[in-house]
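> Before I ask anything, here is the structure I am working with.
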Amino acid sequence: MFRCIIFLIFMFQQTSGNLDWKTIPRKLISYNKLLHSYPDMRNEQSRNPMETVYLTIYYESFCEDSRDFMTSQLVAAYELLEPYLDVRLIPYGKATTKVVDSSEYYTFKCHHGPLECYGNKLHACALDIFSSEKSAHIFNMCLMDLDHTDKGSDDVAASKCGASLAFNVSSVKDCAKNKTGIFLHNYYGQRTKMTSFKYVPHILINGVHSNGTNLIADICATLTSPPPGCKIFVY
């Protein structure tokens, strides 16, 4: 029994980056609960498929409106409607890409400066590295959380979110610093160029623009058989 306890402590230290759990804001720990929500519902879904709502979000990591949307509207939608959602996050926003020397290397100019480019890369790398889309989405929502100092979406935020979710995020941070992060940021830039928008976040529900002010109501309105929880969000 004693050896089991030692092993669990060791594993937690490996995944949390040796951070003191008490240093993590309570709001960030709540993402762990969200990560493990709906396990039974998803099993049921495999036997009785539900309607699917395709939600695409174009955003940038330092944008205050993007941060607010991701950590309020999107989190709430995940809590109520996750089994219905097919979410695609596109972290690039109003950045621009320049080809340097060859078609295989790029530099970026981001709306809120170089640190935002790095933040976008952290988001892109999480989407590429984590084993499930849900894990990447919740990690990225956590990166954007307003409880972080400064703008979030940096190495400090990544370590705190990794600790709160029991993820080892060293590979995500390494990715954001190397050529893979560059390629991924360019990929999401190409995805972004396929649409047009005047502001971020730019939200599409089944391909139709939503202003994002009442995301749950907009999603519920597309469902022919909405869950009971939708009733309180009807316009």
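Naming works like this for the structure tokens: A, B, ... for the chains as they're shown, residue 1 at the start of each chain, ligands 1 onward in shown order.
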DSSP on the backbone, alpha helix (DSSP H) only: what residues of range 1-219 of chain A does that give? Format it as an NGL selection string.
:A and (2-16 or 26-35 or 39-47 or 64-68 or 75-81 or 114-129 or 133-143 or 155-165 or 170-177 or 179-193 or 215-219)
> Could you list, as a short mmCIF file (atom, residue, chain, number, x, y, z; two decimals) with all heavy atoms, in the first residue's frame, every residue within 6 Å of range 196-208 of chain A, counting only C-alpha atoms and ignoring same-chain residues fewer than 6 positions away?

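To be explicit, this is the file written out as part.cif:
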data_model
loop_
_atom_site.label_atom_id
_atom_site.label_comp_id
_atom_site.auth_asym_id
_atom_site.auth_seq_id
_atom_site.Cartn_x
_atom_site.Cartn_y
_atom_site.Cartn_z
N TYR A 54 -22.08 21.10 -35.58
CA TYR A 54 -20.70 21.41 -35.94
C TYR A 54 -20.39 22.86 -35.57
O TYR A 54 -21.00 23.79 -36.11
CB TYR A 54 -20.48 21.16 -37.44
CG TYR A 54 -20.69 19.71 -37.81
CD1 TYR A 54 -21.93 19.27 -38.29
CD2 TYR A 54 -19.67 18.78 -37.64
CE1 TYR A 54 -22.13 17.94 -38.60
CE2 TYR A 54 -19.87 17.44 -37.95
CZ TYR A 54 -21.10 17.03 -38.43
OH TYR A 54 -21.30 15.71 -38.73
N LEU A 55 -19.47 23.01 -34.64
CA LEU A 55 -19.13 24.32 -34.09
C LEU A 55 -17.68 24.64 -34.44
O LEU A 55 -16.76 23.92 -34.03
CB LEU A 55 -19.33 24.30 -32.57
CG LEU A 55 -19.03 25.57 -31.79
CD1 LEU A 55 -19.93 26.71 -32.22
CD2 LEU A 55 -19.18 25.31 -30.29
N THR A 56 -17.48 25.70 -35.22
CA THR A 56 -16.13 26.12 -35.62
C THR A 56 -15.86 27.50 -35.04
O THR A 56 -16.68 28.40 -35.16
CB THR A 56 -16.00 26.17 -37.15
OG1 THR A 56 -16.40 24.92 -37.71
CG2 THR A 56 -14.56 26.47 -37.56
N ILE A 57 -14.69 27.64 -34.40
CA ILE A 57 -14.36 28.89 -33.72
C ILE A 57 -13.00 29.39 -34.20
O ILE A 57 -11.97 28.72 -33.99
CB ILE A 57 -14.34 28.70 -32.19
CG1 ILE A 57 -15.69 28.17 -31.71
CG2 ILE A 57 -13.99 30.02 -31.49
CD1 ILE A 57 -15.67 27.59 -30.32
N TYR A 58 -12.99 30.53 -34.86
CA TYR A 58 -11.76 31.20 -35.27
C TYR A 58 -11.43 32.23 -34.19
O TYR A 58 -12.26 33.09 -33.87
CB TYR A 58 -11.97 31.90 -36.61
CG TYR A 58 -12.30 30.96 -37.76
CD1 TYR A 58 -13.60 30.55 -37.98
CD2 TYR A 58 -11.29 30.50 -38.60
CE1 TYR A 58 -13.91 29.68 -39.02
CE2 TYR A 58 -11.60 29.63 -39.65
CZ TYR A 58 -12.90 29.22 -39.85
OH TYR A 58 -13.21 28.36 -40.87
N TYR A 59 -10.23 32.18 -33.65
CA TYR A 59 -9.90 33.04 -32.52
C TYR A 59 -8.41 33.28 -32.46
O TYR A 59 -7.62 32.69 -33.22
CB TYR A 59 -10.38 32.39 -31.21
CG TYR A 59 -9.62 31.13 -30.82
CD1 TYR A 59 -8.63 31.16 -29.83
CD2 TYR A 59 -9.89 29.90 -31.42
CE1 TYR A 59 -7.94 30.01 -29.46
CE2 TYR A 59 -9.22 28.75 -31.06
CZ TYR A 59 -8.23 28.80 -30.08
OH TYR A 59 -7.56 27.66 -29.72
N SER A 66 -12.09 36.87 -27.35
CA SER A 66 -11.88 35.42 -27.54
C SER A 66 -11.75 34.73 -26.19
O SER A 66 -12.32 33.65 -25.97
CB SER A 66 -10.63 35.16 -28.38
OG SER A 66 -10.79 35.60 -29.71
#
> Applying 10 Å and only C-alpha atoms, which residues near Ile232 in chain A remain after dropping the ones on its own chain fewer than 4 positions away? List them as a ChimeraX atom specification.
/A:216-217,228
> Find the residues near range 129-135 of chain A: any atom within 9 Å, counting only C-alpha atoms, skip ones fewer than 4 places away on the same chain, and give them as a PDB file with all heavy atoms, in the first residue's frame.

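Result saved to part.pdb:
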ATOM      1  N   LEU A  35     -13.445  17.945 -17.889  1.00  0.00           N
ATOM      2  CA  LEU A  35     -12.770  16.932 -18.702  1.00  0.00           C
ATOM      3  C   LEU A  35     -13.412  15.562 -18.542  1.00  0.00           C
ATOM      4  O   LEU A  35     -13.505  14.785 -19.492  1.00  0.00           O
ATOM      5  CB  LEU A  35     -11.285  16.862 -18.309  1.00  0.00           C
ATOM      6  CG  LEU A  35     -10.433  15.819 -19.037  1.00  0.00           C
ATOM      7  CD1 LEU A  35     -10.295  16.169 -20.510  1.00  0.00           C
ATOM      8  CD2 LEU A  35      -9.055  15.716 -18.380  1.00  0.00           C
ATOM      9  N   VAL A  87     -16.569  20.070 -32.252  1.00  0.00           N
ATOM     10  CA  VAL A  87     -15.944  21.397 -32.158  1.00  0.00           C
ATOM     11  C   VAL A  87     -14.641  21.421 -32.949  1.00  0.00           C
ATOM     12  O   VAL A  87     -13.835  20.486 -32.874  1.00  0.00           O
ATOM     13  CB  VAL A  87     -15.674  21.772 -30.687  1.00  0.00           C
ATOM     14  CG1 VAL A  87     -15.001  23.140 -30.596  1.00  0.00           C
ATOM     15  CG2 VAL A  87     -16.977  21.765 -29.889  1.00  0.00           C
ATOM     16  N   ARG A  88     -14.434  22.507 -33.686  1.00  0.00           N
ATOM     17  CA  ARG A  88     -13.178  22.748 -34.380  1.00  0.00           C
ATOM     18  C   ARG A  88     -12.641  24.109 -33.951  1.00  0.00           C
ATOM     19  O   ARG A  88     -13.285  25.129 -34.168  1.00  0.00           O
ATOM     20  CB  ARG A  88     -13.384  22.726 -35.900  1.00  0.00           C
ATOM     21  CG  ARG A  88     -13.780  21.353 -36.446  1.00  0.00           C
ATOM     22  CD  ARG A  88     -12.620  20.368 -36.355  1.00  0.00           C
ATOM     23  NE  ARG A  88     -12.988  19.042 -36.839  1.00  0.00           N
ATOM     24  CZ  ARG A  88     -13.443  18.064 -36.087  1.00  0.00           C
ATOM     25  NH1 ARG A  88     -13.593  18.271 -34.788  1.00  0.00           N
ATOM     26  NH2 ARG A  88     -13.733  16.882 -36.597  1.00  0.00           N
ATOM     27  N   ALA A 124      -2.355  25.377 -31.052  1.00  0.00           N
ATOM     28  CA  ALA A 124      -2.257  24.508 -32.222  1.00  0.00           C
ATOM     29  C   ALA A 124      -1.563  23.193 -31.878  1.00  0.00           C
ATOM     30  O   ALA A 124      -1.981  22.118 -32.330  1.00  0.00           O
ATOM     31  CB  ALA A 124      -1.512  25.232 -33.343  1.00  0.00           C
ATOM     32  N   CYS A 125      -0.507  23.273 -31.084  1.00  0.00           N
ATOM     33  CA  CYS A 125       0.230  22.060 -30.713  1.00  0.00           C
ATOM     34  C   CYS A 125      -0.610  21.144 -29.835  1.00  0.00           C
ATOM     35  O   CYS A 125      -0.546  19.917 -29.973  1.00  0.00           O
ATOM     36  CB  CYS A 125       1.532  22.442 -30.012  1.00  0.00           C
ATOM     37  SG  CYS A 125       2.780  23.147 -31.124  1.00  0.00           S
ATOM     38  N   PHE A 139      -8.030  21.912 -22.474  1.00  0.00           N
ATOM     39  CA  PHE A 139      -6.727  22.504 -22.184  1.00  0.00           C
ATOM     40  C   PHE A 139      -6.642  23.910 -22.773  1.00  0.00           C
ATOM     41  O   PHE A 139      -6.195  24.863 -22.110  1.00  0.00           O
ATOM     42  CB  PHE A 139      -5.616  21.622 -22.745  1.00  0.00           C
ATOM     43  CG  PHE A 139      -4.229  22.185 -22.561  1.00  0.00           C
ATOM     44  CD1 PHE A 139      -3.613  22.159 -21.322  1.00  0.00           C
ATOM     45  CD2 PHE A 139      -3.544  22.734 -23.631  1.00  0.00           C
ATOM     46  CE1 PHE A 139      -2.331  22.674 -21.139  1.00  0.00           C
ATOM     47  CE2 PHE A 139      -2.268  23.256 -23.470  1.00  0.00           C
ATOM     48  CZ  PHE A 139      -1.661  23.220 -22.223  1.00  0.00           C
ATOM     49  N   ASN A 140      -7.089  24.082 -24.013  1.00  0.00           N
ATOM     50  CA  ASN A 140      -7.028  25.396 -24.649  1.00  0.00           C
ATOM     51  C   ASN A 140      -7.968  26.389 -23.987  1.00  0.00           C
ATOM     52  O   ASN A 140      -7.643  27.580 -23.861  1.00  0.00           O
ATOM     53  CB  ASN A 140      -7.328  25.279 -26.142  1.00  0.00           C
ATOM     54  CG  ASN A 140      -6.153  24.694 -26.919  1.00  0.00           C
ATOM     55  OD1 ASN A 140      -5.066  24.530 -26.383  1.00  0.00           O
ATOM     56  ND2 ASN A 140      -6.379  24.370 -28.179  1.00  0.00           N
ATOM     57  N   LEU A 165      -5.208  19.468 -14.985  1.00  0.00           N
ATOM     58  CA  LEU A 165      -5.810  18.404 -15.794  1.00  0.00           C
ATOM     59  C   LEU A 165      -5.024  17.101 -15.740  1.00  0.00           C
ATOM     60  O   LEU A 165      -5.412  16.115 -16.364  1.00  0.00           O
ATOM     61  CB  LEU A 165      -5.919  18.871 -17.254  1.00  0.00           C
ATOM     62  CG  LEU A 165      -6.848  20.058 -17.494  1.00  0.00           C
ATOM     63  CD1 LEU A 165      -6.634  20.639 -18.887  1.00  0.00           C
ATOM     64  CD2 LEU A 165      -8.301  19.655 -17.299  1.00  0.00           C
ATOM     65  N   SER A 171       5.712  18.304 -24.062  1.00  0.00           N
ATOM     66  CA  SER A 171       5.760  18.131 -25.515  1.00  0.00           C
ATOM     67  C   SER A 171       5.005  19.248 -26.224  1.00  0.00           C
ATOM     68  O   SER A 171       5.380  19.648 -27.332  1.00  0.00           O
ATOM     69  CB  SER A 171       5.185  16.772 -25.918  1.00  0.00           C
ATOM     70  OG  SER A 171       3.843  16.635 -25.488  1.00  0.00           O
ATOM     71  N   VAL A 172       3.952  19.760 -25.601  1.00  0.00           N
ATOM     72  CA  VAL A 172       3.201  20.871 -26.194  1.00  0.00           C
ATOM     73  C   VAL A 172       4.067  22.127 -26.222  1.00  0.00           C
ATOM     74  O   VAL A 172       4.140  22.841 -27.235  1.00  0.00           O
ATOM     75  CB  VAL A 172       1.896  21.131 -25.408  1.00  0.00           C
ATOM     76  CG1 VAL A 172       1.176  22.366 -25.946  1.00  0.00           C
ATOM     77  CG2 VAL A 172       0.976  19.917 -25.485  1.00  0.00           C
ATOM     78  N   CYS A 175       6.824  21.718 -28.810  1.00  0.00           N
ATOM     79  CA  CYS A 175       6.245  21.871 -30.146  1.00  0.00           C
ATOM     80  C   CYS A 175       6.084  23.340 -30.503  1.00  0.00           C
ATOM     81  O   CYS A 175       6.397  23.766 -31.623  1.00  0.00           O
ATOM     82  CB  CYS A 175       4.902  21.141 -30.211  1.00  0.00           C
ATOM     83  SG  CYS A 175       3.873  21.531 -31.650  1.00  0.00           S
TER      84      CYS A 175
END
> For Val156 in chain A, find every residue with an atom within 12 Å (counting only C-alpha atoms), except residues of its own chain fewer than 2 positions away, and show them as a list in words.
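So the residues in contact are Ser16, Gly17, Leu19, Thr23, Ile24, Gly119, Leu122, Cys142, Leu143, Met144, His148, Thr149, Asp150, Lys151, Gly152, Ser153, Asp154, Ala158, Ser159, Lys160, Cys161, Gly162, Ala163, Val169, Ser170 and Lys173 of chain A.
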> Just want the 12 Å neighbourhood of Val99 in chain A, counted on only C-alpha atoms, with same-chain residues fewer than 5 positions away dropped. Output as a PyMOL selection string.
chain A and resi 104-109+182-183+186
> Could those selected residues go to a file with all heavy atoms, as a PDB file, in the first residue's frame?

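Printed below is part.pdb as written:
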ATOM      1  N   GLU A 104       8.950  26.374 -47.059  1.00  0.00           N
ATOM      2  CA  GLU A 104       8.884  25.528 -45.879  1.00  0.00           C
ATOM      3  C   GLU A 104       9.152  26.292 -44.585  1.00  0.00           C
ATOM      4  O   GLU A 104       9.220  25.694 -43.520  1.00  0.00           O
ATOM      5  CB  GLU A 104       9.876  24.366 -46.007  1.00  0.00           C
ATOM      6  CG  GLU A 104       9.553  23.423 -47.157  1.00  0.00           C
ATOM      7  CD  GLU A 104      10.509  22.257 -47.213  1.00  0.00           C
ATOM      8  OE1 GLU A 104      11.503  22.267 -46.469  1.00  0.00           O
ATOM      9  OE2 GLU A 104      10.262  21.330 -48.008  1.00  0.00           O
ATOM     10  N   TYR A 105       9.326  27.600 -44.671  1.00  0.00           N
ATOM     11  CA  TYR A 105       9.583  28.362 -43.449  1.00  0.00           C
ATOM     12  C   TYR A 105       8.774  29.652 -43.478  1.00  0.00           C
ATOM     13  O   TYR A 105       8.669  30.307 -44.515  1.00  0.00           O
ATOM     14  CB  TYR A 105      11.076  28.687 -43.304  1.00  0.00           C
ATOM     15  CG  TYR A 105      11.398  29.273 -41.953  1.00  0.00           C
ATOM     16  CD1 TYR A 105      11.452  28.459 -40.824  1.00  0.00           C
ATOM     17  CD2 TYR A 105      11.610  30.640 -41.790  1.00  0.00           C
ATOM     18  CE1 TYR A 105      11.720  28.997 -39.572  1.00  0.00           C
ATOM     19  CE2 TYR A 105      11.882  31.184 -40.547  1.00  0.00           C
ATOM     20  CZ  TYR A 105      11.928  30.350 -39.451  1.00  0.00           C
ATOM     21  OH  TYR A 105      12.181  30.892 -38.215  1.00  0.00           O
ATOM     22  N   TYR A 106       8.202  29.987 -42.311  1.00  0.00           N
ATOM     23  CA  TYR A 106       7.292  31.123 -42.251  1.00  0.00           C
ATOM     24  C   TYR A 106       7.591  31.974 -41.018  1.00  0.00           C
ATOM     25  O   TYR A 106       8.082  31.483 -40.005  1.00  0.00           O
ATOM     26  CB  TYR A 106       5.834  30.638 -42.150  1.00  0.00           C
ATOM     27  CG  TYR A 106       5.475  29.559 -43.133  1.00  0.00           C
ATOM     28  CD1 TYR A 106       5.600  28.205 -42.782  1.00  0.00           C
ATOM     29  CD2 TYR A 106       5.012  29.872 -44.401  1.00  0.00           C
ATOM     30  CE1 TYR A 106       5.276  27.213 -43.679  1.00  0.00           C
ATOM     31  CE2 TYR A 106       4.679  28.883 -45.315  1.00  0.00           C
ATOM     32  CZ  TYR A 106       4.819  27.556 -44.948  1.00  0.00           C
ATOM     33  OH  TYR A 106       4.505  26.572 -45.848  1.00  0.00           O
ATOM     34  N   THR A 107       7.268  33.263 -41.139  1.00  0.00           N
ATOM     35  CA  THR A 107       7.231  34.136 -39.975  1.00  0.00           C
ATOM     36  C   THR A 107       5.813  34.709 -39.888  1.00  0.00           C
ATOM     37  O   THR A 107       5.090  34.768 -40.882  1.00  0.00           O
ATOM     38  CB  THR A 107       8.241  35.287 -40.070  1.00  0.00           C
ATOM     39  OG1 THR A 107       7.966  36.077 -41.230  1.00  0.00           O
ATOM     40  CG2 THR A 107       9.659  34.752 -40.115  1.00  0.00           C
ATOM     41  N   PHE A 108       5.450  35.137 -38.680  1.00  0.00           N
ATOM     42  CA  PHE A 108       4.086  35.581 -38.450  1.00  0.00           C
ATOM     43  C   PHE A 108       4.073  36.946 -37.775  1.00  0.00           C
ATOM     44  O   PHE A 108       4.954  37.270 -36.970  1.00  0.00           O
ATOM     45  CB  PHE A 108       3.339  34.589 -37.547  1.00  0.00           C
ATOM     46  CG  PHE A 108       3.398  33.173 -38.031  1.00  0.00           C
ATOM     47  CD1 PHE A 108       4.320  32.278 -37.498  1.00  0.00           C
ATOM     48  CD2 PHE A 108       2.545  32.732 -39.029  1.00  0.00           C
ATOM     49  CE1 PHE A 108       4.386  30.976 -37.938  1.00  0.00           C
ATOM     50  CE2 PHE A 108       2.596  31.431 -39.481  1.00  0.00           C
ATOM     51  CZ  PHE A 108       3.519  30.547 -38.943  1.00  0.00           C
ATOM     52  N   LYS A 109       3.073  37.716 -38.105  1.00  0.00           N
ATOM     53  CA  LYS A 109       2.794  38.961 -37.403  1.00  0.00           C
ATOM     54  C   LYS A 109       1.404  38.821 -36.805  1.00  0.00           C
ATOM     55  O   LYS A 109       0.415  38.711 -37.541  1.00  0.00           O
ATOM     56  CB  LYS A 109       2.851  40.158 -38.354  1.00  0.00           C
ATOM     57  CG  LYS A 109       2.634  41.493 -37.651  1.00  0.00           C
ATOM     58  CD  LYS A 109       2.765  42.664 -38.624  1.00  0.00           C
ATOM     59  CE  LYS A 109       2.564  43.994 -37.910  1.00  0.00           C
ATOM     60  NZ  LYS A 109       2.690  45.140 -38.849  1.00  0.00           N
ATOM     61  N   ILE A 182       5.570  26.125 -35.944  1.00  0.00           N
ATOM     62  CA  ILE A 182       5.508  27.040 -37.091  1.00  0.00           C
ATOM     63  C   ILE A 182       4.588  26.476 -38.166  1.00  0.00           C
ATOM     64  O   ILE A 182       3.724  27.178 -38.712  1.00  0.00           O
ATOM     65  CB  ILE A 182       6.920  27.289 -37.655  1.00  0.00           C
ATOM     66  CG1 ILE A 182       7.774  28.065 -36.640  1.00  0.00           C
ATOM     67  CG2 ILE A 182       6.859  28.042 -38.978  1.00  0.00           C
ATOM     68  CD1 ILE A 182       9.230  28.199 -37.037  1.00  0.00           C
ATOM     69  N   PHE A 183       4.774  25.208 -38.507  1.00  0.00           N
ATOM     70  CA  PHE A 183       3.958  24.585 -39.553  1.00  0.00           C
ATOM     71  C   PHE A 183       2.487  24.558 -39.161  1.00  0.00           C
ATOM     72  O   PHE A 183       1.607  24.810 -39.987  1.00  0.00           O
ATOM     73  CB  PHE A 183       4.461  23.172 -39.838  1.00  0.00           C
ATOM     74  CG  PHE A 183       5.763  23.116 -40.582  1.00  0.00           C
ATOM     75  CD1 PHE A 183       6.453  21.931 -40.706  1.00  0.00           C
ATOM     76  CD2 PHE A 183       6.323  24.256 -41.146  1.00  0.00           C
ATOM     77  CE1 PHE A 183       7.668  21.870 -41.401  1.00  0.00           C
ATOM     78  CE2 PHE A 183       7.530  24.215 -41.830  1.00  0.00           C
ATOM     79  CZ  PHE A 183       8.199  23.016 -41.964  1.00  0.00           C
ATOM     80  N   ASN A 186       0.932  27.986 -39.440  1.00  0.00           N
ATOM     81  CA  ASN A 186       0.670  28.273 -40.843  1.00  0.00           C
ATOM     82  C   ASN A 186      -0.559  27.508 -41.341  1.00  0.00           C
ATOM     83  O   ASN A 186      -1.372  28.054 -42.098  1.00  0.00           O
ATOM     84  CB  ASN A 186       1.880  27.903 -41.696  1.00  0.00           C
ATOM     85  CG  ASN A 186       1.617  28.113 -43.176  1.00  0.00           C
ATOM     86  OD1 ASN A 186       1.402  29.234 -43.640  1.00  0.00           O
ATOM     87  ND2 ASN A 186       1.618  27.027 -43.935  1.00  0.00           N
TER      88      ASN A 186
END
> With only C-alpha atoms as the atoms that count, which of A:Phe62, A:Phe233, A:Phe167, A:Tyr38 lies nearest to Ala126 in chain A?
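The shortest atom-to-atom distance to Ala126 in chain A comes from A:Phe167.
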> Please, what distance in Å, to one decimal, runs between CA of Ala95 in chain A and CA of Gly181 in chain A?
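Separation between CA of Ala95 in chain A and CA of Gly181 in chain A: 14.7 Å.
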